$ cat query24.cif   # mmCIF, C-alpha atoms
data_entry
loop_
_atom_site.label_atom_id
_atom_site.label_comp_id
_atom_site.auth_asym_id
_atom_site.auth_seq_id
_atom_site.Cartn_x
_atom_site.Cartn_y
_atom_site.Cartn_z
CA MET Y 1 32.60 -15.37 -7.85
CA GLU Y 2 31.31 -13.31 -4.99
CA TRP Y 3 29.41 -10.32 -6.33
CA SER Y 4 30.01 -8.37 -3.15
CA LYS Y 5 33.68 -8.35 -4.08
CA GLN Y 6 32.83 -7.06 -7.55
CA ILE Y 7 30.74 -4.26 -6.05
CA VAL Y 8 33.46 -3.23 -3.60
CA ARG Y 9 35.93 -3.13 -6.45
CA TYR Y 10 33.51 -1.06 -8.52
CA VAL Y 11 33.16 1.50 -5.73
CA LEU Y 12 36.92 1.72 -5.24
CA VAL Y 13 37.65 2.03 -8.94
CA MET Y 14 34.93 4.62 -9.34
CA MET Y 15 36.43 6.66 -6.51
CA LEU Y 16 39.85 6.42 -8.11
CA GLN Y 17 38.32 7.51 -11.41
CA VAL Y 18 36.48 10.52 -10.02
CA LEU Y 19 38.99 11.63 -7.41
CA LEU Y 20 42.16 11.09 -9.39
CA PHE Y 21 41.83 10.36 -13.08
CA ASP Y 22 39.09 12.87 -13.82
CA GLN Y 23 41.38 15.50 -12.32
CA LEU Y 24 44.24 14.81 -14.71
CA GLN Y 25 44.54 17.48 -17.33
CA LEU Y 26 47.59 16.45 -19.25
CA PHE Y 27 47.92 18.11 -22.63
CA GLY Y 28 44.15 18.02 -23.09
CA VAL Y 29 44.20 14.56 -24.68
CA CYS Y 30 44.61 12.40 -21.59
CA HIS Y 31 41.28 11.28 -20.20
CA PRO Y 32 41.71 7.67 -19.12
CA TYR Y 33 38.44 6.03 -18.12
CA ILE Y 34 39.69 3.31 -15.84
CA TYR Y 35 36.25 2.64 -14.37
CA ILE Y 36 35.58 0.17 -17.20
CA LEU Y 37 38.03 -2.13 -15.44
CA CYS Y 38 35.04 -3.49 -13.48
CA LEU Y 39 33.04 -4.12 -16.62
CA LEU Y 40 35.95 -5.79 -18.38
CA MET Y 41 36.74 -8.12 -15.49
CA MET Y 42 33.17 -9.01 -14.61
CA PRO Y 43 32.55 -12.76 -14.92
CA ILE Y 44 30.27 -13.77 -17.77
CA THR Y 45 28.03 -15.93 -15.64
CA LEU Y 46 25.07 -13.58 -16.09
CA SER Y 47 22.99 -13.42 -19.24
CA HIS Y 48 24.07 -11.14 -22.06
CA SER Y 49 21.12 -8.81 -21.51
CA ALA Y 50 21.84 -8.51 -17.79
CA ASP Y 51 25.44 -7.65 -18.63
CA MET Y 52 24.28 -4.85 -20.90
CA LEU Y 53 21.93 -3.52 -18.21
CA ILE Y 54 24.82 -3.42 -15.74
CA GLY Y 55 26.86 -1.62 -18.37
CA ALA Y 56 24.09 0.93 -18.82
CA GLY Y 57 23.96 1.55 -15.07
CA VAL Y 58 27.72 1.91 -14.67
CA GLY Y 59 27.85 4.26 -17.66
CA LEU Y 60 24.98 6.34 -16.32
CA VAL Y 61 26.72 6.87 -12.97
CA MET Y 62 29.86 7.95 -14.78
CA ASP Y 63 27.78 10.32 -16.91
CA VAL Y 64 26.42 12.00 -13.82
CA PHE Y 65 29.93 12.73 -12.66
CA CYS Y 66 31.02 13.94 -16.10
CA ASN Y 67 27.93 15.98 -16.97
CA SER Y 68 27.73 13.99 -20.17
CA LEU Y 69 24.38 12.27 -19.90
CA GLY Y 70 24.11 9.34 -22.30
CA ILE Y 71 27.68 9.27 -23.59
CA HIS Y 72 29.25 6.83 -21.16
CA MET Y 73 26.01 4.92 -20.99
CA ALA Y 74 25.96 4.32 -24.75
CA SER Y 75 29.66 3.40 -24.77
CA CYS Y 76 29.35 0.95 -21.88
CA ILE Y 77 26.33 -0.75 -23.41
CA LEU Y 78 28.27 -1.19 -26.64
CA LEU Y 79 31.23 -2.51 -24.66
CA MET Y 80 29.09 -5.08 -22.86
CA PHE Y 81 27.39 -6.04 -26.11
CA ILE Y 82 30.67 -6.80 -27.87
CA ARG Y 83 32.35 -8.45 -24.87
CA PRO Y 84 31.09 -12.06 -25.12
CA TYR Y 85 31.65 -12.19 -28.88
CA LEU Y 86 35.19 -10.95 -28.48
CA LEU Y 87 35.87 -13.43 -25.69
CA GLY Y 88 34.50 -16.21 -27.88
CA ALA Y 89 36.83 -15.16 -30.67
CA ILE Y 90 40.06 -14.94 -28.70
CA VAL Y 91 39.64 -17.63 -26.03
CA SER Y 92 39.71 -21.21 -27.21
CA ASP Y 93 39.19 -22.90 -23.83
CA LYS Y 94 35.69 -21.83 -22.81
CA ASP Y 95 35.85 -23.62 -19.45
CA ARG Y 96 38.35 -21.10 -18.18
CA LEU Y 97 35.80 -18.30 -18.39
CA ASN Y 98 33.60 -19.54 -15.57
CA GLU Y 99 35.50 -17.50 -13.06
CA GLN Y 100 36.07 -13.80 -13.57
CA ILE Y 101 37.92 -12.49 -16.58
CA CYS Y 102 41.49 -11.99 -15.44
CA LEU Y 103 45.07 -12.74 -16.28
CA ARG Y 104 44.91 -16.16 -14.65
CA ALA Y 105 41.93 -17.17 -16.77
CA LEU Y 106 43.03 -15.73 -20.11
CA GLY Y 107 46.80 -15.75 -20.20
CA ILE Y 108 48.76 -12.63 -20.98
CA GLU Y 109 48.41 -12.61 -24.76
CA ALA Y 110 44.64 -13.01 -24.84
CA LEU Y 111 44.25 -10.56 -21.97
CA ILE Y 112 46.15 -7.83 -23.78
CA LYS Y 113 44.14 -8.37 -26.95
CA TYR Y 114 40.88 -8.38 -25.00
CA VAL Y 115 41.64 -5.29 -22.93
CA VAL Y 116 43.13 -3.15 -25.70
CA ILE Y 117 40.35 -3.87 -28.19
CA LEU Y 118 37.54 -3.15 -25.74
CA VAL Y 119 39.23 -0.11 -24.23
CA VAL Y 120 39.81 1.41 -27.66
CA ILE Y 121 36.22 0.75 -28.71
CA HIS Y 122 34.88 2.28 -25.50
CA HIS Y 123 37.15 5.33 -25.52
CA LEU Y 124 36.63 5.97 -29.22
CA THR Y 125 32.86 5.89 -28.72
CA VAL Y 126 33.03 8.23 -25.75
CA PHE Y 127 35.26 10.78 -27.47
CA MET Y 128 33.34 10.62 -30.77
CA LEU Y 129 30.02 11.15 -29.03
CA ALA Y 130 31.50 13.96 -26.98
CA ALA Y 131 32.94 15.66 -30.08
CA TRP Y 132 29.74 14.99 -32.04
CA SER Y 133 31.26 16.01 -35.35
CA TRP Y 134 33.82 14.73 -37.84
CA ALA Y 135 35.62 18.04 -37.71
CA HIS Y 136 37.64 16.99 -34.66
CA ILE Y 137 38.38 13.47 -35.82
CA GLY Y 138 42.15 13.97 -35.62
CA PHE Y 139 41.91 15.17 -32.06
CA VAL Y 140 39.49 12.38 -31.17
CA LEU Y 141 41.87 9.75 -32.53
CA MET Y 142 44.76 11.29 -30.64
CA GLU Y 143 42.68 11.37 -27.48
CA THR Y 144 41.69 7.74 -27.98
CA LEU Y 145 45.27 6.68 -28.58
CA VAL Y 146 46.74 8.41 -25.52
CA SER Y 147 43.90 7.74 -23.09
CA GLY Y 148 43.34 4.21 -24.38
CA LEU Y 149 46.99 3.35 -23.91
CA ILE Y 150 46.96 4.62 -20.35
CA THR Y 151 43.71 2.86 -19.46
CA SER Y 152 44.87 -0.41 -21.04
CA ALA Y 153 48.19 -0.21 -19.25
CA ILE Y 154 46.47 0.38 -15.91
CA ILE Y 155 44.01 -2.50 -16.37
CA ILE Y 156 46.70 -4.92 -17.55
CA GLY Y 157 49.00 -3.74 -14.78
CA TYR Y 158 46.25 -4.30 -12.22
CA ASN Y 159 45.84 -7.84 -13.52
CA ALA Y 160 49.55 -8.47 -13.48
CA MET Y 161 49.75 -7.34 -9.86
CA ILE Y 162 46.69 -9.09 -8.45
CA TYR Y 163 46.30 -12.21 -10.59
CA LYS Y 164 49.82 -13.38 -11.27
CA MET C 1 3.27 -16.08 -34.61
CA GLN C 2 5.38 -18.79 -33.09
CA ASN C 3 8.06 -18.09 -35.65
CA LEU C 4 8.04 -14.43 -34.75
CA LEU C 5 8.46 -15.29 -31.08
CA LYS C 6 11.30 -17.62 -31.94
CA ILE C 7 13.02 -14.89 -33.89
CA LEU C 8 12.51 -12.42 -31.08
CA LEU C 9 13.97 -14.85 -28.56
CA ARG C 10 16.83 -15.67 -30.85
CA TYR C 11 17.72 -12.03 -31.23
CA SER C 12 16.65 -10.95 -27.77
CA ASN C 13 20.15 -9.89 -26.79
CA PHE C 14 20.47 -7.73 -29.86
CA LEU C 15 17.06 -6.20 -29.21
CA VAL C 16 17.99 -5.40 -25.62
CA PHE C 17 21.17 -3.83 -26.94
CA ILE C 18 19.24 -1.67 -29.40
CA ALA C 19 16.70 -0.66 -26.77
CA LEU C 20 19.37 0.35 -24.28
CA GLU C 21 21.33 2.29 -26.88
CA VAL C 22 18.18 4.11 -27.96
CA ALA C 23 17.58 5.02 -24.31
CA ALA C 24 21.16 6.29 -23.99
CA PHE C 25 20.89 8.37 -27.16
CA LEU C 26 17.55 9.78 -26.08
CA LEU C 27 19.19 10.86 -22.83
CA LEU C 28 22.07 12.33 -24.79
CA TYR C 29 19.73 14.14 -27.15
CA TYR C 30 17.38 15.52 -24.54
CA ASN C 31 20.21 16.48 -22.29
CA ASN C 32 21.66 18.58 -25.09
CA ALA C 33 18.35 19.97 -26.29
CA TYR C 34 16.75 20.88 -22.97
CA PRO C 35 18.01 22.14 -19.64
CA ARG C 36 19.60 19.17 -18.01
CA SER C 37 18.08 17.44 -15.08
CA SER C 38 19.94 18.60 -12.02
CA LEU C 39 19.73 15.15 -10.48
CA LEU C 40 21.61 13.54 -13.34
CA SER C 41 24.36 16.12 -13.50
CA THR C 42 27.10 17.58 -11.38
CA ALA C 43 24.51 19.96 -9.93
CA ASN C 44 23.40 16.91 -7.97
CA ASP C 45 24.18 17.61 -4.32
CA VAL C 46 26.28 14.52 -3.73
CA VAL C 47 28.33 15.05 -6.86
CA ALA C 48 28.62 18.79 -6.26
CA TRP C 49 29.84 18.24 -2.72
CA GLN C 50 32.37 15.73 -3.97
CA ASN C 51 33.56 18.19 -6.60
CA GLU C 52 33.89 20.96 -4.06
CA GLN C 53 36.08 18.76 -1.88
CA ILE C 54 38.23 17.96 -4.88
CA SER C 55 38.58 21.58 -5.85
CA ASP C 56 39.53 22.42 -2.28
CA ILE C 57 42.23 19.80 -2.40
CA ARG C 58 43.28 20.81 -5.88
CA SER C 59 43.69 24.42 -4.88
CA TYR C 60 46.62 23.33 -2.73
CA PHE C 61 48.34 21.86 -5.75
CA HIS C 62 47.64 25.04 -7.66
CA LEU C 63 49.12 27.30 -5.01
CA ARG C 64 52.23 27.58 -7.12
CA SER C 65 50.48 28.96 -10.14
CA ILE C 66 48.32 31.18 -7.98
CA ASN C 67 51.51 32.46 -6.41
CA ALA C 68 52.99 33.17 -9.81
CA GLN C 69 49.90 35.05 -10.76
CA LEU C 70 50.01 37.14 -7.60
CA ALA C 71 53.68 37.87 -8.18
CA ARG C 72 52.89 39.10 -11.67
CA GLU C 73 50.10 41.19 -10.31
CA ASN C 74 52.41 42.66 -7.68
CA ALA C 75 54.92 43.64 -10.33
CA GLU C 76 52.17 45.15 -12.40
CA LEU C 77 50.83 47.16 -9.45
CA ARG C 78 54.30 48.33 -8.52
CA ASN C 79 54.74 49.49 -12.10
CA ARG C 80 51.56 51.47 -11.85
CA ILE C 81 52.62 53.08 -8.60
CA CYS C 82 55.92 53.99 -10.22
CA SER C 83 54.25 55.57 -13.22
CA MET C 84 51.91 57.44 -10.87
CA ASP C 85 54.48 59.07 -8.64
CA SER C 86 57.46 59.19 -10.94
CA THR C 87 58.58 62.77 -10.99
CA LYS C 88 60.89 64.34 -13.50
CA HIS C 89 64.13 63.52 -11.71
CA GLU C 90 63.39 59.85 -11.26
CA ALA C 91 64.14 57.38 -13.98
CA PRO C 92 61.24 55.30 -15.24
CA ILE C 93 61.49 51.87 -13.68
CA HIS C 94 59.87 48.69 -14.84
CA TYR C 95 59.45 45.59 -12.73
CA ALA C 96 59.44 42.18 -14.40
CA SER C 97 58.25 39.20 -12.40
CA ALA C 98 60.49 36.13 -12.58
CA LYS C 99 60.63 32.70 -11.06
CA VAL C 100 63.70 31.39 -9.30
CA VAL C 101 64.70 28.14 -10.98
CA GLN C 102 67.90 27.49 -9.08
CA MET C 103 69.45 28.86 -5.93
CA THR C 104 72.33 28.13 -3.58
CA THR C 105 72.69 29.58 -0.12
CA ASP C 106 75.47 27.51 1.41
CA GLN C 107 78.47 28.58 -0.66
CA LEU C 108 80.72 31.61 -0.66
CA HIS C 109 79.75 32.51 -4.16
CA ASN C 110 76.07 31.83 -4.10
CA SER C 111 74.00 32.34 -7.18
CA LEU C 112 70.46 32.04 -8.35
CA THR C 113 68.94 31.55 -11.76
CA ILE C 114 65.74 33.21 -12.86
CA ASN C 115 63.54 32.40 -15.82
CA LEU C 116 63.89 35.72 -17.60
CA GLY C 117 66.57 36.48 -20.17
CA SER C 118 67.59 38.91 -22.85
CA LEU C 119 64.36 38.20 -24.70
CA ASP C 120 62.54 39.66 -21.72
CA GLY C 121 64.73 42.74 -21.63
CA VAL C 122 66.95 41.62 -18.77
CA MET C 123 70.43 43.14 -18.85
CA ARG C 124 73.58 42.64 -16.86
CA GLY C 125 73.69 44.89 -13.82
CA GLN C 126 69.96 45.16 -13.27
CA GLY C 127 68.73 44.80 -9.71
CA VAL C 128 66.61 41.94 -8.45
CA ARG C 129 64.23 42.23 -5.54
CA ASN C 130 61.21 40.51 -4.15
CA GLU C 131 58.38 41.75 -2.02
CA GLU C 132 60.53 41.35 1.11
CA GLY C 133 63.53 43.31 -0.03
CA VAL C 134 66.71 43.28 -2.08
CA VAL C 135 67.81 39.99 -3.64
CA GLY C 136 70.81 40.69 -5.85
CA ILE C 137 72.18 41.91 -9.15
CA VAL C 138 71.94 40.28 -12.58
CA ARG C 139 75.30 38.89 -13.60
CA THR C 140 74.96 36.73 -16.70
CA VAL C 141 72.13 37.00 -19.19
CA GLY C 142 71.06 34.20 -21.48
CA ARG C 143 68.22 34.24 -23.95
CA ASN C 144 65.62 32.92 -21.55
CA TYR C 145 67.40 32.68 -18.23
CA SER C 146 69.71 34.87 -16.20
CA VAL C 147 72.10 34.27 -13.36
CA VAL C 148 71.83 36.63 -10.42
CA LEU C 149 74.47 37.24 -7.79
CA PRO C 150 72.57 37.58 -4.55
CA ILE C 151 73.75 39.90 -1.81
CA ILE C 152 74.83 36.74 -0.02
CA ASN C 153 77.78 36.37 -2.36
CA THR C 154 81.19 37.51 -1.21
CA HIS C 155 81.69 39.33 -4.52
CA THR C 156 78.63 41.50 -4.16
CA ASN C 157 78.75 45.07 -2.88
CA LEU C 158 75.65 47.12 -2.47
CA SER C 159 75.41 50.77 -1.64
CA CYS C 160 72.99 51.25 1.27
CA ARG C 161 72.01 53.89 3.74
CA PHE C 162 70.34 54.17 7.11
CA ALA C 163 66.67 54.98 6.74
CA LYS C 164 66.77 57.22 9.82
CA ASN C 165 69.48 59.64 8.73
CA ASP C 166 70.51 58.75 5.18
CA TYR C 167 74.03 57.85 6.29
CA LEU C 168 75.71 55.69 3.67
CA GLY C 169 77.40 52.34 3.98
CA THR C 170 78.38 49.39 1.81
CA LEU C 171 76.69 46.05 2.25
CA GLN C 172 78.96 43.04 1.97
CA TRP C 173 78.76 39.42 2.92
CA ASP C 174 81.27 37.42 4.91
CA GLY C 175 80.14 34.06 3.60
CA LYS C 176 79.05 32.69 6.94
CA ASP C 177 75.29 32.90 7.39
CA TYR C 178 72.76 33.51 4.64
CA ARG C 179 70.54 35.41 7.04
CA PHE C 180 73.09 38.12 7.86
CA ALA C 181 75.17 40.53 5.81
CA GLN C 182 77.68 43.12 7.01
CA LEU C 183 77.53 46.84 6.58
CA ALA C 184 80.95 48.40 6.06
CA ASP C 185 82.24 51.96 5.86
CA VAL C 186 80.12 53.29 8.71
CA SER C 187 82.42 55.54 10.68
CA SER C 188 82.64 55.66 14.44
CA HIS C 189 80.97 59.03 14.94
CA MET C 190 77.63 57.59 13.85
CA VAL C 191 75.26 56.26 16.49
CA VAL C 192 74.16 52.79 15.45
CA ASN C 193 71.42 51.04 17.33
CA PRO C 194 70.13 47.50 16.87
CA GLY C 195 66.88 47.71 14.96
CA ASP C 196 67.96 50.51 12.65
CA THR C 197 66.56 50.00 9.19
CA ILE C 198 68.86 49.71 6.20
CA VAL C 199 67.54 50.51 2.72
CA THR C 200 69.08 50.89 -0.72
CA SER C 201 70.72 54.23 -1.34
CA GLY C 202 69.54 54.90 -4.86
CA LEU C 203 73.04 56.11 -5.72
CA SER C 204 73.54 53.47 -8.38
CA PRO C 205 71.01 52.84 -11.12
CA VAL C 206 70.73 49.20 -10.00
CA PHE C 207 68.06 49.84 -7.40
CA PRO C 208 65.79 52.79 -6.82
CA GLU C 209 66.02 54.50 -3.47
CA GLY C 210 64.50 53.02 -0.36
CA ILE C 211 64.08 49.31 -1.11
CA PRO C 212 64.31 47.50 2.24
CA VAL C 213 67.52 45.56 2.83
CA GLY C 214 67.55 44.59 6.48
CA ILE C 215 67.69 45.57 10.12
CA VAL C 216 70.80 46.15 12.24
CA GLU C 217 71.25 43.11 14.44
CA SER C 218 74.37 44.17 16.29
CA SER C 219 77.16 46.71 15.96
CA VAL C 220 80.65 46.50 17.33
CA LEU C 221 83.18 49.32 17.49
CA LYS C 222 86.56 47.95 18.47
CA GLU C 223 89.05 50.13 20.22
CA GLY C 224 91.28 51.98 17.80
CA GLU C 225 89.11 51.31 14.78
CA SER C 226 87.29 54.06 13.00
CA TYR C 227 84.61 51.93 11.38
CA TYR C 228 81.81 49.88 12.89
CA ARG C 229 81.37 46.18 12.32
CA ILE C 230 77.65 45.93 11.76
CA GLN C 231 75.64 42.76 11.37
CA VAL C 232 72.51 43.29 9.29
CA ARG C 233 69.64 40.82 9.44
CA LEU C 234 68.43 40.60 5.85
CA HIS C 235 64.73 40.99 5.09
CA THR C 236 64.91 38.56 2.20
CA HIS C 237 64.58 34.91 3.12
CA PHE C 238 66.94 33.35 0.64
CA LYS C 239 66.15 29.78 1.64
CA ARG C 240 62.58 30.09 0.48
CA LEU C 241 63.03 32.44 -2.45
CA LYS C 242 60.49 31.57 -5.15
CA TYR C 243 59.47 34.62 -7.12
CA VAL C 244 61.49 37.78 -7.67
CA GLU C 245 61.22 40.97 -9.67
CA VAL C 246 63.86 42.36 -11.97
CA VAL C 247 64.28 46.11 -11.65
CA GLN C 248 64.61 47.52 -15.13
CA ASN C 249 65.73 51.10 -15.07
CA ALA C 250 65.27 52.71 -18.46
CA HIS C 251 68.19 55.05 -17.89
CA GLN C 252 70.60 52.44 -16.55
CA ALA C 253 72.62 52.03 -19.76
CA GLU C 254 73.04 55.76 -20.13
CA LEU C 255 74.11 56.20 -16.53
CA GLU C 256 76.64 53.40 -16.71
CA GLU C 257 78.06 54.78 -19.92
CA LEU C 258 78.61 58.12 -18.25
CA VAL C 259 80.34 56.53 -15.27
CA ASP C 260 82.48 54.34 -17.52
CA GLY C 261 83.43 57.35 -19.57
CA MET C 262 84.81 59.04 -16.47
CA GLU C 263 87.09 56.18 -15.59
#

$ encode --input "query24.cif" --output "structure tokens"
Amino acid sequence: MEWSKQIVRYVLVMMLQVLLFDQLQLFGVCHPYIYILCLLMMPITLSHSADMLIGAGVGLVMDVFCNSLGIHMASCILLMFIRPYLLGAIVSDKDRLNEQICLRALGIEALIKYVVILVVIHHLTVFMLAAWSWAHIGFVLMETLVSGLITSAIIIGYNAMIYK
Amino acid sequence: MQNLLKILLRYSNFLVFIALEVAAFLLLYYNNAYPRSSLLSTANDVVAWQNEQISDIRSYFHLRSINAQLARENAELRNRICSMDSTKHEAPIHYASAKVVQMTTDQLHNSLTINLGSLDGVMRGQGVRNEEGVVGIVRTVGRNYSVVLPIINTHTNLSCRFAKNDYLGTLQWDGKDYRFAQLADVSSHMVVNPGDTIVTSGLSPVFPEGIPVGIVESSVLKEGESYYRIQVRLHTHFKRLKYVEVVQNAHQAELEELVDGME
């Protein structure tokens, strides 16, 4: 997999995130973080530690745009930490993971599982860290549900369009 | 020692994970506890510039709400002017800002709907204007919405006068062009020039005196007729009507009761 392609996609997705999705203010609970699309679809050819470092970098850049230093970074590191274990659990045919993680490699059922689980973990972490108290747990869960659904739908939809 | 190294290698991924998370939480903690680094925040020049561009673009999408706000402010200011110069013989008038939610301009019986209703104190017969001039008269009042008959409705009559000499006439609409209405009942001895200003007469409680209506476009006096046919170019642009104000005259009910009692 050409990494230049991955980087171009990262830049485009990041622009979409900052220019469009960060501007959405629907009902106060809709904050889809679609930038994790790049992290989710990154091939797992690198070592686990390198993956987590990339996650930390991607999260840090997002934090700069959100004025939330550390929050996205922590969430993305967690995401990249869990990723290979989750893939191991839901994908039986390991040979198919040598290319990038996409619909063609996983099949629709595994892809949905993979995307939804990781998106929910990431979003829940972000919103919990941002709330920083159990007092808003209802709101945080609502936020996670709405935003997570939208992010998952966008990532799965992207896969369905590009990697039929 | 070798065992320790083995363990470290075995769990190296987990250790990297812990180390990175600790770094992230340190950032989070220090960012909350101390003034944030301007480089790693939206005060960063690149990010700030980007945000400024976005807010510039966004302000276009927010023009509508800004407009609504200005309309409210206008109504509020007009209220204040009214309360300032209202003398004893003038009824207290309140202006309520409303948004046009529906409007037709291409029918004989045009109508428009505004987003104020009985809950907002709107009553049948109240006048509706905007900052350009007269719009129409409230016809049907619901709880939250009201239907207004604009002056471009063949059923509407509005008492007007010439600004220059207070001569009275009745504004009607022939159903042809939403930009022009017709002024009737102006007798032939009057001198009518194109460009004469027409304002509301203030004779009915619907509108206070002097709200702009339009400008005389042309006047025709046919042989043997004692009344002019006057085309009036309306000030109000009905095609792009967005925000209006309902004229709420506190004495309107009383006045109408008196008139009804006479009939």

$ residues_around --input "query24.cif" --residues "Asn159 of chain Y" --least-positions-apart "4" --cutoff "12 Å" --atoms "all atoms listed in the file" --output "number ranges by chain"
Y: 37-38, 40-41, 100-108, 111-112, 115, 152-155, 163-164

$ closest_atom_pairs --input "query24.cif" --of "chain Y" --to "chain C" --cutoff "8 Å" --atoms "all atoms listed in the file" --output "tab-separated table"
residue	atom	partner	partner_atom	distance
Y:Leu19	CA	C:Ile54	CA	6.9
Y:His48	CA	C:Asn13	CA	6.3
Y:Ser49	CA	C:Asn13	CA	5.5
Y:Met52	CA	C:Phe17	CA	6.9
Y:Leu53	CA	C:Leu20	CA	7.6
Y:Ala56	CA	C:Leu20	CA	7.2
Y:Asp63	CA	C:Ser41	CA	7.5
Y:Val64	CA	C:Ser41	CA	4.6
Y:Phe65	CA	C:Thr42	CA	5.8
Y:Cys66	CA	C:Thr42	CA	7.1
Y:Asn67	CA	C:Ser41	CA	5.0
Y:Ser68	CA	C:Leu28	CA	7.5
Y:Leu69	CA	C:Leu28	CA	5.4
Y:Gly70	CA	C:Leu28	CA	4.4
Y:Ile71	CA	C:Leu28	CA	6.5
Y:Met73	CA	C:Ala24	CA	5.9
Y:Ala74	CA	C:Ala24	CA	5.2
Y:Ile77	CA	C:Glu21	CA	6.8
Y:Leu78	CA	C:Phe17	CA	7.6
Y:Phe81	CA	C:Phe17	CA	6.7

$ closest_residue --input "query24.cif" --among "Y:Met42, Y:Thr125, Y:Ile162, Y:Ala89" --to "Ile7 of chain Y" --atoms "only C-alpha atoms"
Y:Met42

$ resolve_selection --input "query24.cif" --expression "the PyMOL selection byres ((chain C and resi 192) around 10)" --output "compact mmCIF listing (two decimals) with C-alpha atoms, in the frame of the given file"
# COMPACT_ATOMS: atom_id res chain seq x y z
CA PHE C 162 70.34 54.17 7.11
CA VAL C 186 80.12 53.29 8.71
CA SER C 187 82.42 55.54 10.68
CA SER C 188 82.64 55.66 14.44
CA HIS C 189 80.97 59.03 14.94
CA MET C 190 77.63 57.59 13.85
CA VAL C 191 75.26 56.26 16.49
CA ASN C 193 71.42 51.04 17.33
CA PRO C 194 70.13 47.50 16.87
CA GLY C 195 66.88 47.71 14.96
CA ASP C 196 67.96 50.51 12.65
CA VAL C 216 70.80 46.15 12.24
CA SER C 218 74.37 44.17 16.29
CA SER C 219 77.16 46.71 15.96
CA VAL C 220 80.65 46.50 17.33
CA LEU C 221 83.18 49.32 17.49
CA TYR C 228 81.81 49.88 12.89
CA ILE C 230 77.65 45.93 11.76

$ closest_residue --input "query24.cif" --among "Y:Tyr158, Y:Trp134, Y:Phe127, Y:Trp3" --to "Cys30 of chain Y" --atoms "only C-alpha atoms"
Y:Phe127

$ atom_distance --input "query24.cif" --atom1 "atom CA of Leu87 of chain Y" --atom2 "atom CA of Ala110 of chain Y"
8.8 Å

$ atom_distance --input "query24.cif" --atom1 "atom CA of Val120 of chain Y" --atom2 "atom CA of Phe139 of chain Y"
14.6 Å

$ residues_around --input "query24.cif" --residues "segment 143-151 of chain C" --least-positions-apart "4" --cutoff "8 Å" --atoms "all atoms listed in the file" --output "VMD selection string"
chain C and resid 109 to 120 122 128 134 to 139 156 to 158 171 to 173 181

$ resolve_selection --input "query24.cif" --expression "the PyMOL selection byres ((chain Y and resi 144) around 9)" --output "ChimeraX atom specification"
/Y:29-32,120-121,123-124,126-127,139-143,145-149

$ atom_distance --input "query24.cif" --atom1 "atom CA of Glu256 of chain C" --atom2 "atom CA of Tyr95 of chain C"
19.3 Å

$ resolve_selection --input "query24.cif" --expression "the PyMOL selection byres ((chain C and resi 174) around 10)" --output "PyMOL selection string"
chain C and resi 108+152-155+172-173+175-178+180-182

$ residues_around --input "query24.cif" --residues "Tyr35 of chain Y" --least-positions-apart "6" --cutoff "12 Å" --atoms "all atoms listed in the file" --output "count of residues only"
30
